[in-house]
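For reference, structure_0.cif is printed below; it contains mmCIF, C-alpha atoms and all ligand atoms.
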data_run
#
loop_
_atom_site.label_atom_id
_atom_site.label_comp_id
_atom_site.auth_asym_id
_atom_site.auth_seq_id
_atom_site.Cartn_x
_atom_site.Cartn_y
_atom_site.Cartn_z
CA MET A 1 -9.66 -0.90 26.43
CA GLU A 2 -6.51 -0.27 28.44
CA THR A 3 -5.86 3.45 28.96
CA LEU A 4 -2.30 4.53 28.43
CA SER A 5 -0.58 6.39 31.22
CA PRO A 6 0.15 10.05 30.51
CA ALA A 7 3.85 9.18 30.38
CA LEU A 8 3.79 7.49 27.01
CA HIS A 9 6.42 4.91 26.24
CA THR A 10 7.48 6.05 22.81
CA ASP A 11 11.25 5.54 23.08
CA SER A 12 11.32 2.78 20.51
CA VAL A 13 9.60 4.88 17.83
CA MET A 14 12.28 6.46 15.63
CA TYR A 15 12.34 10.23 15.92
CA ILE A 16 11.41 11.98 12.68
CA THR A 17 9.28 14.88 13.90
CA LYS A 18 7.97 16.42 17.10
CA ARG A 19 4.66 14.79 17.99
CA PRO A 20 2.20 15.80 20.73
CA ASP A 21 1.84 13.49 23.76
CA LEU A 22 -1.33 11.93 22.41
CA VAL A 23 -2.27 8.55 21.03
CA PHE A 24 -5.24 8.39 18.70
CA VAL A 25 -7.34 5.30 19.24
CA LYS A 26 -10.50 5.83 17.21
CA GLY A 27 -11.90 7.81 14.32
CA GLU A 28 -15.38 8.43 12.99
CA GLY A 29 -16.21 10.70 10.06
CA SER A 30 -14.64 14.10 10.76
CA TRP A 31 -13.75 13.19 14.35
CA LEU A 32 -10.74 11.61 16.05
CA ILE A 33 -10.63 10.39 19.65
CA ASP A 34 -7.46 10.17 21.76
CA HIS A 35 -6.43 7.73 24.49
CA GLN A 36 -8.10 9.86 27.15
CA GLY A 37 -11.40 9.98 25.31
CA LYS A 38 -11.06 13.59 24.13
CA LYS A 39 -12.64 14.33 20.74
CA TYR A 40 -11.04 16.40 17.98
CA LEU A 41 -12.60 17.89 14.87
CA ASP A 42 -10.14 16.72 12.22
CA PHE A 43 -9.15 19.16 9.47
CA LEU A 44 -5.97 17.23 8.64
CA GLN A 45 -7.56 13.89 7.75
CA GLY A 46 -4.22 12.15 7.52
CA TRP A 47 -2.83 15.06 5.45
CA ALA A 48 -5.57 15.32 2.80
CA VAL A 49 -5.71 11.52 2.65
CA ASN A 50 -8.96 10.37 4.27
CA CYS A 51 -11.25 11.86 1.63
CA LEU A 52 -14.25 9.97 3.05
CA GLY A 53 -13.36 10.65 6.69
CA HIS A 54 -12.50 8.11 9.36
CA SER A 55 -13.94 4.58 9.38
CA ASN A 56 -15.95 4.94 6.18
CA PRO A 57 -18.37 1.96 6.08
CA GLY A 58 -17.91 1.32 2.34
CA MET A 59 -14.13 1.16 2.71
CA ILE A 60 -14.39 -1.13 5.75
CA ALA A 61 -16.71 -3.49 3.87
CA ALA A 62 -14.38 -3.57 0.85
CA LEU A 63 -11.37 -4.27 3.07
CA ASN A 64 -13.17 -7.06 4.95
CA GLU A 65 -14.60 -8.71 1.87
CA GLN A 66 -11.30 -8.72 0.03
CA ALA A 67 -9.37 -9.92 3.09
CA HIS A 68 -11.57 -13.01 3.10
CA LYS A 69 -10.98 -13.66 -0.63
CA VAL A 70 -7.26 -13.13 -1.28
CA ILE A 71 -4.77 -10.65 0.18
CA ASN A 72 -1.71 -11.15 -1.97
CA PRO A 73 -1.51 -13.46 -4.98
CA SER A 74 1.80 -11.73 -6.02
CA PRO A 75 2.43 -8.77 -8.32
CA ALA A 76 3.38 -11.24 -11.05
CA PHE A 77 -0.33 -12.17 -11.45
CA TYR A 78 -3.46 -10.20 -12.27
CA ASN A 79 -6.08 -9.86 -9.56
CA GLU A 80 -9.70 -8.71 -9.81
CA PRO A 81 -9.62 -5.42 -7.83
CA MET A 82 -6.46 -4.31 -9.68
CA ILE A 83 -8.21 -4.70 -13.04
CA ARG A 84 -11.47 -3.15 -11.88
CA LEU A 85 -9.81 -0.08 -10.34
CA ALA A 86 -7.64 0.45 -13.42
CA ASP A 87 -10.80 0.26 -15.58
CA LEU A 88 -12.59 2.73 -13.32
CA LEU A 89 -9.73 5.24 -13.49
CA THR A 90 -9.24 5.03 -17.26
CA ALA A 91 -13.01 5.21 -17.91
CA ASN A 92 -13.15 8.47 -15.95
CA SER A 93 -9.99 10.20 -17.19
CA CYS A 94 -8.04 10.91 -20.37
CA PHE A 95 -5.54 8.14 -19.52
CA ASP A 96 -5.31 4.60 -20.87
CA LYS A 97 -2.93 2.72 -18.56
CA VAL A 98 -2.49 2.53 -14.78
CA PHE A 99 0.36 1.27 -12.58
CA PHE A 100 -0.45 0.99 -8.87
CA ALA A 101 2.07 1.90 -6.19
CA ASN A 102 2.04 2.34 -2.42
CA SER A 103 2.87 6.01 -1.92
CA GLY A 104 2.81 9.30 -3.77
CA ALA A 105 6.59 9.43 -3.87
CA GLU A 106 6.73 5.98 -5.44
CA ALA A 107 4.13 6.94 -8.06
CA ASN A 108 6.17 10.05 -8.86
CA GLU A 109 9.38 8.01 -9.11
CA GLY A 110 7.48 5.89 -11.63
CA ALA A 111 6.42 9.00 -13.57
CA ILE A 112 10.03 10.22 -13.68
CA LYS A 113 11.23 6.81 -14.88
CA LEU A 114 8.48 6.61 -17.50
CA ALA A 115 9.35 10.08 -18.85
CA ARG A 116 13.07 9.21 -18.99
CA LYS A 117 12.28 5.94 -20.77
CA TRP A 118 10.11 7.82 -23.28
CA GLY A 119 12.96 10.28 -23.80
CA LYS A 120 15.33 7.41 -24.47
CA LEU A 121 12.97 5.89 -27.04
CA HIS A 122 11.63 9.02 -28.72
CA LYS A 123 13.83 12.04 -27.91
CA SER A 124 17.48 10.99 -28.27
CA GLY A 125 17.91 10.29 -24.58
CA ALA A 126 16.41 13.54 -23.27
CA PHE A 127 15.99 13.19 -19.49
CA GLU A 128 15.60 16.60 -17.87
CA ILE A 129 12.30 17.31 -16.17
CA ILE A 130 11.47 20.94 -15.45
CA THR A 131 9.83 21.24 -12.02
CA PHE A 132 8.84 24.24 -9.88
CA LYS A 133 10.04 26.26 -6.92
CA HIS A 134 8.02 25.41 -3.79
CA GLY A 135 6.72 22.25 -5.46
CA PHE A 136 6.53 19.02 -3.46
CA HIS A 137 6.79 15.56 -4.95
CA GLY A 138 7.89 13.26 -2.11
CA ARG A 139 10.73 12.16 0.12
CA THR A 140 12.73 9.69 -1.95
CA LEU A 141 16.00 11.01 -3.37
CA ALA A 142 14.65 11.63 -6.89
CA THR A 143 11.37 13.14 -5.71
CA MET A 144 13.21 15.35 -3.19
CA SER A 145 15.38 16.50 -6.09
CA ALA A 146 12.26 17.22 -8.13
CA SER A 147 10.75 19.16 -5.22
CA GLY A 148 11.40 22.88 -4.90
CA LYS A 149 11.43 23.06 -1.12
CA GLU A 150 14.01 25.40 0.33
CA GLY A 151 17.04 23.62 1.74
CA TRP A 152 16.22 20.29 0.15
CA ASP A 153 18.89 20.73 -2.52
CA THR A 154 21.66 20.31 0.08
CA MET A 155 19.97 18.14 2.73
CA PHE A 156 21.05 14.76 1.36
CA ALA A 157 23.45 15.97 -1.30
CA PRO A 158 24.30 15.07 -3.94
CA GLN A 159 20.86 15.34 -5.49
CA VAL A 160 19.57 13.32 -8.40
CA ALA A 161 20.46 15.45 -11.43
CA GLY A 162 18.09 16.73 -14.09
CA PHE A 163 15.40 18.76 -12.32
CA PRO A 164 15.79 22.47 -13.17
CA LYS A 165 13.31 24.71 -11.30
CA ALA A 166 10.95 27.23 -12.88
CA ASP A 167 8.54 29.71 -11.26
CA LEU A 168 4.90 28.65 -11.05
CA ASN A 169 2.60 30.73 -13.27
CA ASP A 170 5.52 32.11 -15.30
CA LEU A 171 5.75 30.37 -18.69
CA ASP A 172 8.82 32.39 -19.68
CA SER A 173 10.70 30.91 -16.72
CA VAL A 174 9.82 27.45 -18.05
CA LYS A 175 10.86 28.29 -21.61
CA ALA A 176 14.19 29.65 -20.35
CA LEU A 177 15.07 26.22 -18.91
CA LYS A 178 14.36 24.24 -22.09
CA THR A 179 17.32 22.43 -23.63
CA ASP A 180 17.75 19.51 -26.08
CA ARG A 181 17.65 17.29 -23.03
CA THR A 182 14.22 18.45 -21.79
CA VAL A 183 11.78 15.54 -21.77
CA ALA A 184 8.98 16.73 -19.47
CA VAL A 185 7.48 19.42 -17.27
CA MET A 186 6.10 18.21 -13.94
CA LEU A 187 3.88 20.20 -11.60
CA GLU A 188 1.13 20.13 -9.01
CA PRO A 189 -1.99 21.81 -10.46
CA ILE A 190 -2.40 23.20 -6.94
CA GLN A 191 0.82 23.37 -4.90
CA GLY A 192 -0.21 21.78 -1.61
CA GLU A 193 2.77 21.80 0.76
CA GLY A 194 3.87 25.06 -0.84
CA GLY A 195 0.80 26.70 0.71
CA VAL A 196 -2.23 25.86 -1.48
CA ILE A 197 -1.19 27.84 -4.54
CA PRO A 198 -3.28 27.02 -7.62
CA ALA A 199 -1.73 27.29 -11.07
CA ASP A 200 -3.39 30.06 -13.11
CA HIS A 201 -5.85 28.95 -15.78
CA GLN A 202 -4.06 30.68 -18.62
CA PHE A 203 -0.68 29.40 -17.45
CA MET A 204 -1.88 25.78 -17.49
CA LYS A 205 -3.45 26.16 -20.92
CA ASP A 206 -0.35 27.84 -22.34
CA LEU A 207 1.94 25.29 -20.70
CA ARG A 208 -0.05 22.45 -22.25
CA GLN A 209 0.14 24.04 -25.69
CA TRP A 210 3.85 24.85 -25.42
CA THR A 211 4.81 21.37 -24.18
CA ARG A 212 2.80 19.78 -26.99
CA GLU A 213 4.41 22.00 -29.64
CA ASN A 214 7.86 21.14 -28.31
CA GLN A 215 7.37 17.39 -27.90
CA ILE A 216 7.69 17.69 -24.14
CA LEU A 217 5.56 15.57 -21.80
CA LEU A 218 3.28 17.22 -19.25
CA ILE A 219 3.17 15.39 -15.91
CA VAL A 220 0.64 16.43 -13.26
CA ASP A 221 1.27 15.38 -9.66
CA GLU A 222 -2.26 15.09 -8.26
CA VAL A 223 -1.25 13.19 -5.16
CA GLN A 224 -2.81 15.92 -3.01
CA ALA A 225 -5.16 17.83 -5.33
CA GLY A 226 -6.62 14.79 -7.14
CA CYS A 227 -9.45 12.40 -6.23
CA GLY A 228 -12.20 14.95 -5.68
CA ARG A 229 -10.36 17.35 -3.40
CA SER A 230 -10.54 20.23 -5.90
CA GLY A 231 -14.26 19.63 -6.55
CA LYS A 232 -13.41 17.84 -9.81
CA LEU A 233 -12.42 14.17 -9.87
CA PHE A 234 -8.97 15.33 -11.05
CA ALA A 235 -7.60 18.85 -10.54
CA HIS A 236 -6.32 19.26 -14.13
CA GLN A 237 -9.99 19.06 -15.20
CA LEU A 238 -10.44 22.51 -13.62
CA TYR A 239 -8.29 23.80 -16.48
CA GLY A 240 -9.79 21.83 -19.35
CA ILE A 241 -6.42 20.34 -20.28
CA GLU A 242 -5.25 16.77 -20.91
CA PRO A 243 -1.82 15.90 -19.48
CA ASP A 244 0.31 12.96 -20.68
CA ILE A 245 1.02 11.49 -17.25
CA MET A 246 -0.73 11.85 -13.89
CA THR A 247 0.11 10.57 -10.43
CA LEU A 248 -2.38 9.94 -7.65
CA GLY A 249 -1.84 9.09 -3.99
CA LYS A 250 -3.34 10.21 -0.70
CA GLY A 251 -7.10 10.37 -1.48
CA ILE A 252 -7.16 7.39 -3.85
CA GLY A 253 -6.78 5.01 -0.90
CA GLY A 254 -8.89 7.07 1.48
CA GLY A 255 -6.36 6.24 4.21
CA VAL A 256 -4.79 2.95 3.10
CA PRO A 257 -1.42 2.95 1.29
CA LEU A 258 -2.36 3.17 -2.38
CA ALA A 259 -1.08 5.37 -5.21
CA ALA A 260 -1.21 5.28 -8.99
CA LEU A 261 0.71 6.30 -12.08
CA LEU A 262 -1.49 6.94 -15.12
CA ALA A 263 -0.38 7.50 -18.71
CA ARG A 264 -1.77 7.79 -22.20
CA ASN A 265 -1.18 4.90 -24.57
CA ASP A 266 1.52 6.63 -26.60
CA VAL A 267 3.50 7.40 -23.44
CA ALA A 268 3.07 4.09 -21.58
CA CYS A 269 6.35 2.63 -22.86
CA PHE A 270 7.63 0.49 -19.96
CA GLU A 271 8.99 -2.88 -21.03
CA ALA A 272 9.24 -5.99 -18.87
CA GLY A 273 11.69 -5.34 -16.06
CA ASP A 274 11.49 -1.54 -16.14
CA GLN A 275 9.01 -1.08 -13.32
CA GLY A 276 7.60 -3.14 -10.47
CA GLY A 277 7.32 -3.46 -6.72
CA THR A 278 6.24 -6.14 -4.27
CA TYR A 279 2.88 -4.58 -3.48
CA ASN A 280 1.94 -3.09 -6.84
CA GLY A 281 -1.74 -3.65 -7.51
CA ASN A 282 -2.21 -5.37 -4.15
CA PRO A 283 -5.88 -6.50 -4.09
CA LEU A 284 -6.49 -5.47 -0.48
CA MET A 285 -5.59 -1.86 -1.26
CA THR A 286 -7.07 -1.68 -4.75
CA ALA A 287 -10.38 -3.08 -3.41
CA VAL A 288 -10.50 -0.10 -1.05
CA GLY A 289 -9.58 2.21 -3.94
CA ILE A 290 -12.61 0.98 -5.90
CA SER A 291 -14.91 1.80 -2.98
CA VAL A 292 -13.33 5.27 -2.67
CA ILE A 293 -13.59 6.16 -6.36
CA GLU A 294 -17.15 4.79 -6.64
CA GLN A 295 -18.22 6.94 -3.69
CA LEU A 296 -16.57 10.02 -5.23
CA LEU A 297 -18.41 9.30 -8.50
CA ALA A 298 -21.82 8.83 -6.84
CA PRO A 299 -24.34 11.29 -8.34
CA GLY A 300 -23.99 14.73 -6.79
CA PHE A 301 -20.95 13.96 -4.59
CA LEU A 302 -18.40 16.12 -6.43
CA ALA A 303 -20.91 18.94 -6.90
CA GLU A 304 -21.35 18.91 -3.11
CA VAL A 305 -17.57 19.13 -2.61
CA GLU A 306 -17.55 22.16 -4.87
CA ALA A 307 -20.52 23.71 -3.04
CA LYS A 308 -19.04 23.03 0.39
CA GLY A 309 -15.74 24.51 -0.83
CA GLN A 310 -17.60 27.71 -1.71
CA TYR A 311 -19.38 27.63 1.66
CA LEU A 312 -16.05 27.28 3.51
CA ARG A 313 -14.58 30.04 1.34
CA GLY A 314 -17.42 32.36 2.39
CA LEU A 315 -16.94 31.54 6.08
CA LEU A 316 -13.19 32.11 5.85
CA LEU A 317 -13.62 35.41 4.01
CA ASP A 318 -16.06 36.61 6.69
CA LEU A 319 -13.64 35.55 9.42
CA SER A 320 -10.78 37.25 7.62
CA GLN A 321 -12.71 40.50 7.37
CA GLU A 322 -13.85 40.37 10.98
CA LEU A 323 -10.35 39.71 12.36
CA GLY A 324 -8.36 41.77 9.87
CA LEU A 325 -6.63 38.82 8.19
CA GLU A 326 -5.57 38.65 4.54
CA GLY A 327 -8.20 36.47 2.85
CA GLU A 328 -8.11 32.92 1.57
CA ARG A 329 -7.38 30.83 -1.52
CA GLY A 330 -7.79 27.31 -2.84
CA GLU A 331 -10.11 25.03 -4.79
CA GLY A 332 -12.84 22.73 -3.50
CA LEU A 333 -11.96 21.50 -0.03
CA LEU A 334 -8.25 22.29 -0.25
CA ARG A 335 -8.11 25.83 1.09
CA ALA A 336 -5.77 28.16 2.95
CA LEU A 337 -6.37 31.15 5.22
CA LYS A 338 -3.81 33.95 4.92
CA LEU A 339 -3.05 35.15 8.44
CA GLY A 340 -0.81 38.11 7.64
CA ARG A 341 1.30 37.29 10.71
CA ASP A 342 3.45 34.29 11.67
CA ILE A 343 0.92 32.90 14.14
CA GLY A 344 0.08 29.67 12.30
CA PRO A 345 2.06 27.27 14.54
CA GLU A 346 0.63 28.86 17.71
CA ILE A 347 -2.92 28.56 16.34
CA VAL A 348 -2.32 24.87 15.58
CA GLU A 349 -1.12 24.25 19.18
CA ARG A 350 -3.92 26.14 20.85
CA ALA A 351 -6.62 24.65 18.61
CA ARG A 352 -5.54 21.14 19.53
CA GLN A 353 -5.58 22.05 23.23
CA LEU A 354 -9.10 23.56 23.17
CA GLU A 355 -11.39 21.98 25.78
CA PRO A 356 -13.55 20.00 25.93
CA VAL A 357 -13.25 19.38 22.19
CA GLY A 358 -10.05 19.99 20.23
CA LEU A 359 -9.46 21.05 16.63
CA LEU A 360 -6.73 19.62 14.38
CA LEU A 361 -5.26 22.12 11.93
CA ASN A 362 -2.13 22.50 9.78
CA SER A 363 0.13 25.45 9.10
CA PRO A 364 2.29 24.69 6.05
CA ARG A 365 3.85 28.15 6.34
CA PRO A 366 3.89 30.25 9.54
CA ASN A 367 1.56 32.87 8.04
CA LEU A 368 -0.93 30.35 6.63
CA LEU A 369 -3.42 27.71 7.73
CA ARG A 370 -4.37 24.86 5.40
CA PHE A 371 -7.72 23.06 5.54
CA MET A 372 -8.04 19.53 4.16
CA PRO A 373 -11.19 18.08 5.73
CA ALA A 374 -13.04 14.93 4.71
CA LEU A 375 -14.88 15.58 1.44
CA ASN A 376 -18.10 14.31 3.03
CA ILE A 377 -17.87 16.73 5.97
CA SER A 378 -21.13 18.50 6.89
CA ARG A 379 -21.78 22.23 6.66
CA GLU A 380 -22.37 22.21 10.43
CA GLU A 381 -18.87 20.82 10.97
CA LEU A 382 -17.37 23.41 8.63
CA ALA A 383 -19.14 26.17 10.56
CA LEU A 384 -18.05 24.67 13.89
CA MET A 385 -14.42 24.66 12.75
CA VAL A 386 -14.57 28.36 11.84
CA LYS A 387 -16.23 29.16 15.17
CA MET A 388 -13.50 27.31 17.09
CA LEU A 389 -10.81 28.91 14.96
CA LYS A 390 -12.18 32.39 15.67
CA GLN A 391 -12.00 31.69 19.40
CA VAL A 392 -8.36 30.58 19.07
CA ILE A 393 -7.22 33.54 16.95
CA GLN A 394 -8.91 35.99 19.32
CA SER A 395 -7.02 34.43 22.24
CA ILE A 396 -3.64 35.24 20.66
C1 LIG A 401 2.09 14.04 -0.18
C2 LIG A 401 2.56 14.34 -1.52
C3 LIG A 401 3.49 13.52 -2.18
C4 LIG A 401 4.16 12.35 -1.49
O1 LIG A 401 3.26 11.34 -1.18
P1 LIG A 401 3.71 10.19 -0.15
O2 LIG A 401 2.57 9.23 -0.16
O3 LIG A 401 3.91 10.87 1.18
O4 LIG A 401 4.96 9.62 -0.66
C5 LIG A 401 3.81 13.81 -3.49
N1 LIG A 401 3.26 14.85 -4.13
C6 LIG A 401 2.36 15.66 -3.54
C7 LIG A 401 1.78 16.79 -4.32
C8 LIG A 401 1.99 15.45 -2.21
O5 LIG A 401 1.13 16.27 -1.61
#

Let me see whether you can do it: turn the structure in this file into structure tokens.
Amino acid sequence: METLSPALHTDSVMYITKRPDLVFVKGEGSWLIDHQGKKYLDFLQGWAVNCLGHSNPGMIAALNEQAHKVINPSPAFYNEPMIRLADLLTANSCFDKVFFANSGAEANEGAIKLARKWGKLHKSGAFEIITFKHGFHGRTLATMSASGKEGWDTMFAPQVAGFPKADLNDLDSVKALKTDRTVAVMLEPIQGEGGVIPADHQFMKDLRQWTRENQILLIVDEVQAGCGRSGKLFAHQLYGIEPDIMTLGKGIGGGVPLAALLARNDVACFEAGDQGGTYNGNPLMTAVGISVIEQLLAPGFLAEVEAKGQYLRGLLLDLSQELGLEGERGEGLLRALKLGRDIGPEIVERARQLEPVGLLLNSPRPNLLRFMPALNISREELALMVKMLKQVIQSI
């Protein structure tokens, strides 16, 4: 393998964010290796995407096998993996129909369109979707408008209209936004980019009851919290509720571009021409999705995610106590450590630069670290991360 010179030639890559001067060339399980051969313990995993870690053998086999059969018959035809993955998802959820997309934002766009279509057919053209402050739904114009990120309302103004913002865990703030035009409420069961903030149990139960009583659809965006990350196959199952629409992304492909829009029969009202996309249901991606979901459903796997989540929680609480931090929160293997000071970005930098082995972390807010490791990570690797993290925090 040719080693890249330290002066990387990256001029032709469009600037969208500041990236470190590293090129990653290989991944294995919870480890990434850069162009100079340095290893990193990976607690980003492609941003909560690689739920089975890097280079998962089952995913590689599925990708290879399908590549030799057929890569793209066209979205106008059925293909085998598309049907099998849709069957697998409906058999293991409260939903009846699945549309496959390529990204979380695209799945959410589909959810918004489906809700608006349903409003047209069943609610006199109601189209408003109540979403939440600090929520995140993607980077297309409609999903940015649905997101509650600060500053996003003016960034590419004008926004797409029809997304009033409520406060998470405050049902009165939702009720106050209801009008004749309200067709749906859309939320992340656990706000991910907002800083790993789970919805309260009672709030979710009450929200489900109130939306049902008012003929308002409940849409859960499980792009980040779904597919085993919370310790349940789907995060809304933590609350014992059944939404009308769910979106999946990130984990469902385990690292390949795959996302899904799921709906119950009475809500799945698209007609020919309403929805589509060149790669929808692409067999190469859906074949990988089958491997991912089957591995998540293997006996004991999700129980282990839950147990390892509790193990990580214990380690983080001990660390917090020892270093005078402010505790932790989260579900399963989506967790955050509350630092109490704005040292998150500095921790991320220093952790990556640790020698001889680096650590990849994320700080969604300056006073917070978020952990989104592979769901099949070992307890030893979880303990190693906390040990490395302790060393970094003590050096600041
Ligand atoms: C990442 C994310 C999205 C957007 O997914 P993309 O694949 O980046 O378009 C949407 N919703 C949530 C909750 C996410 O975490």

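Closest approach to A:Glu328 from the set A:Trp210, A:Val25, A:Val196, A:Glu222 is made by A:Val196, with distances taken over only C-alpha atoms.
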
Can you work out which one of A:Gln66, A:Gln191, A:Ser363, A:Gln159 has the shortest atom-to-atom distance to ligand LIG 401 (chain A), counting all atoms listed in the file? A:Gln191

Residues within 8 Å of ligand LIG 401 (chain A), counting all atoms listed in the file, as a VMD selection string: chain A and resid 47 102 to 108 135 to 140 143 188 191 to 193 221 to 225 249 to 250 257 259

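With distances taken over all atoms listed in the file, A:Pro356 is the one residue among A:Gly327, A:Gly125, A:Pro373, A:Pro356 lying closest to A:Lys39.
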
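Taking only C-alpha atoms into account, A:Lys133 lies nearest to A:Leu187 out of the set A:Leu171, A:Trp118, A:Leu187, A:Gln215.
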
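Taking atom CA of A:Arg352 as the reference point, atom CA of A:Ser230 is found at 25.9 Å.
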
As a check of understanding: the span from atom CA of A:Leu114 to atom CA of A:Tyr279 is 18.8 Å

Using only C-alpha atoms: which of A:Ile343, A:Val386, A:Glu322, A:Gly358 has the shortest distance to A:Leu32: A:Gly358

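Counting from atom CA of A:Leu233, the distance to atom CA of A:Asp200 is 18.6 Å.
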
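Counting all atoms listed in the file, the residue from A:Lys120, A:Lys113, A:Lys97, A:Arg313 that sits nearest to A:Ala263 is A:Lys97.
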
Quick one: axis-aligned box around all listed atoms of stretch 232-248 of chain A, 8 Å on every side, centre and edge lengths in Å to one decimal, written as AutoDock Vina command-line options.
--center_x -6.2 --center_y 16.9 --center_z -14.3 --size_x 30.4 --size_y 29.9 --size_z 29.3

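Counting all atoms listed in the file, A:Leu238 has the following residues at most 12 Å away, ignoring those fewer than 2 positions along the same chain: A:Pro189, A:Ile190, A:Pro198, A:Ala199, A:Asp200, A:His201, A:Gln202, A:Met204, A:Lys205, A:Ala225, A:Gly226, A:Gly228, A:Arg229, A:Ser230, A:Gly231, A:Lys232, A:Leu233, A:Phe234, A:Ala235, A:His236, A:Gly240, A:Ile241, A:Glu242, A:Glu306, A:Glu331, A:Gly332.
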
Do you know which residues are at most 9 Å from A:Gln394 counting all atoms listed in the file, after dropping those on the same chain fewer than 4 positions away, and could you put them as a ChimeraX atom specification? /A:323,389-390

Contacts of A:Pro57 within 10 Å, all atoms listed in the file, excl. fewer than 4 positions in-chain, as a VMD selection string: chain A and resid 28 to 29 52 61 to 63 291

If we count all atoms listed in the file, what is near A:Arg181 at a cut-off of 7 Å, once residues fewer than 3 positions away on the same chain are taken out, given as a PyMOL selection string? chain A and resi 126-128

Kindly reconstruct stretch 189-194 of chain A with all heavy atoms and present the result as a PDB file, in the coordinates of the input.
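Saved file result19.pdb follows:
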ATOM      1  N   PRO A 189      -1.027  20.798 -10.005  1.00  0.00           N
ATOM      2  CA  PRO A 189      -1.990  21.810 -10.460  1.00  0.00           C
ATOM      3  C   PRO A 189      -2.310  22.814  -9.334  1.00  0.00           C
ATOM      4  O   PRO A 189      -2.551  23.991  -9.598  1.00  0.00           O
ATOM      5  CB  PRO A 189      -3.227  20.994 -10.817  1.00  0.00           C
ATOM      6  CG  PRO A 189      -2.727  19.626 -11.089  1.00  0.00           C
ATOM      7  CD  PRO A 189      -1.538  19.434 -10.201  1.00  0.00           C
ATOM      8  N   ILE A 190      -2.304  22.322  -8.103  1.00  0.00           N
ATOM      9  CA  ILE A 190      -2.400  23.200  -6.940  1.00  0.00           C
ATOM     10  C   ILE A 190      -1.254  22.805  -6.015  1.00  0.00           C
ATOM     11  O   ILE A 190      -1.233  21.684  -5.509  1.00  0.00           O
ATOM     12  CB  ILE A 190      -3.736  23.010  -6.184  1.00  0.00           C
ATOM     13  CG1 ILE A 190      -4.923  23.199  -7.131  1.00  0.00           C
ATOM     14  CG2 ILE A 190      -3.827  23.976  -4.997  1.00  0.00           C
ATOM     15  CD1 ILE A 190      -6.248  22.692  -6.569  1.00  0.00           C
ATOM     16  N   GLN A 191      -0.280  23.698  -5.815  1.00  0.00           N
ATOM     17  CA  GLN A 191       0.820  23.370  -4.900  1.00  0.00           C
ATOM     18  C   GLN A 191       0.247  23.223  -3.492  1.00  0.00           C
ATOM     19  O   GLN A 191      -0.328  24.167  -2.947  1.00  0.00           O
ATOM     20  CB  GLN A 191       1.884  24.459  -4.931  1.00  0.00           C
ATOM     21  CG  GLN A 191       2.733  24.429  -6.191  1.00  0.00           C
ATOM     22  CD  GLN A 191       3.946  25.351  -6.104  1.00  0.00           C
ATOM     23  OE1 GLN A 191       3.990  26.255  -5.257  1.00  0.00           O
ATOM     24  NE2 GLN A 191       4.920  25.130  -6.971  1.00  0.00           N
ATOM     25  N   GLY A 192       0.390  22.043  -2.918  1.00  0.00           N
ATOM     26  CA  GLY A 192      -0.210  21.780  -1.610  1.00  0.00           C
ATOM     27  C   GLY A 192       0.698  22.190  -0.464  1.00  0.00           C
ATOM     28  O   GLY A 192       0.412  23.137   0.270  1.00  0.00           O
ATOM     29  N   GLU A 193       1.838  21.490  -0.334  1.00  0.00           N
ATOM     30  CA  GLU A 193       2.770  21.800   0.760  1.00  0.00           C
ATOM     31  C   GLU A 193       3.320  23.215   0.627  1.00  0.00           C
ATOM     32  O   GLU A 193       3.660  23.842   1.619  1.00  0.00           O
ATOM     33  CB  GLU A 193       3.931  20.793   0.774  1.00  0.00           C
ATOM     34  CG  GLU A 193       3.516  19.341   0.949  1.00  0.00           C
ATOM     35  CD  GLU A 193       2.629  19.112   2.148  1.00  0.00           C
ATOM     36  OE1 GLU A 193       3.023  19.486   3.261  1.00  0.00           O
ATOM     37  OE2 GLU A 193       1.518  18.580   1.969  1.00  0.00           O
ATOM     38  N   GLY A 194       3.388  23.698  -0.598  1.00  0.00           N
ATOM     39  CA  GLY A 194       3.870  25.060  -0.840  1.00  0.00           C
ATOM     40  C   GLY A 194       2.929  26.125  -0.290  1.00  0.00           C
ATOM     41  O   GLY A 194       3.275  27.306  -0.260  1.00  0.00           O
TER      42      GLY A 194
END
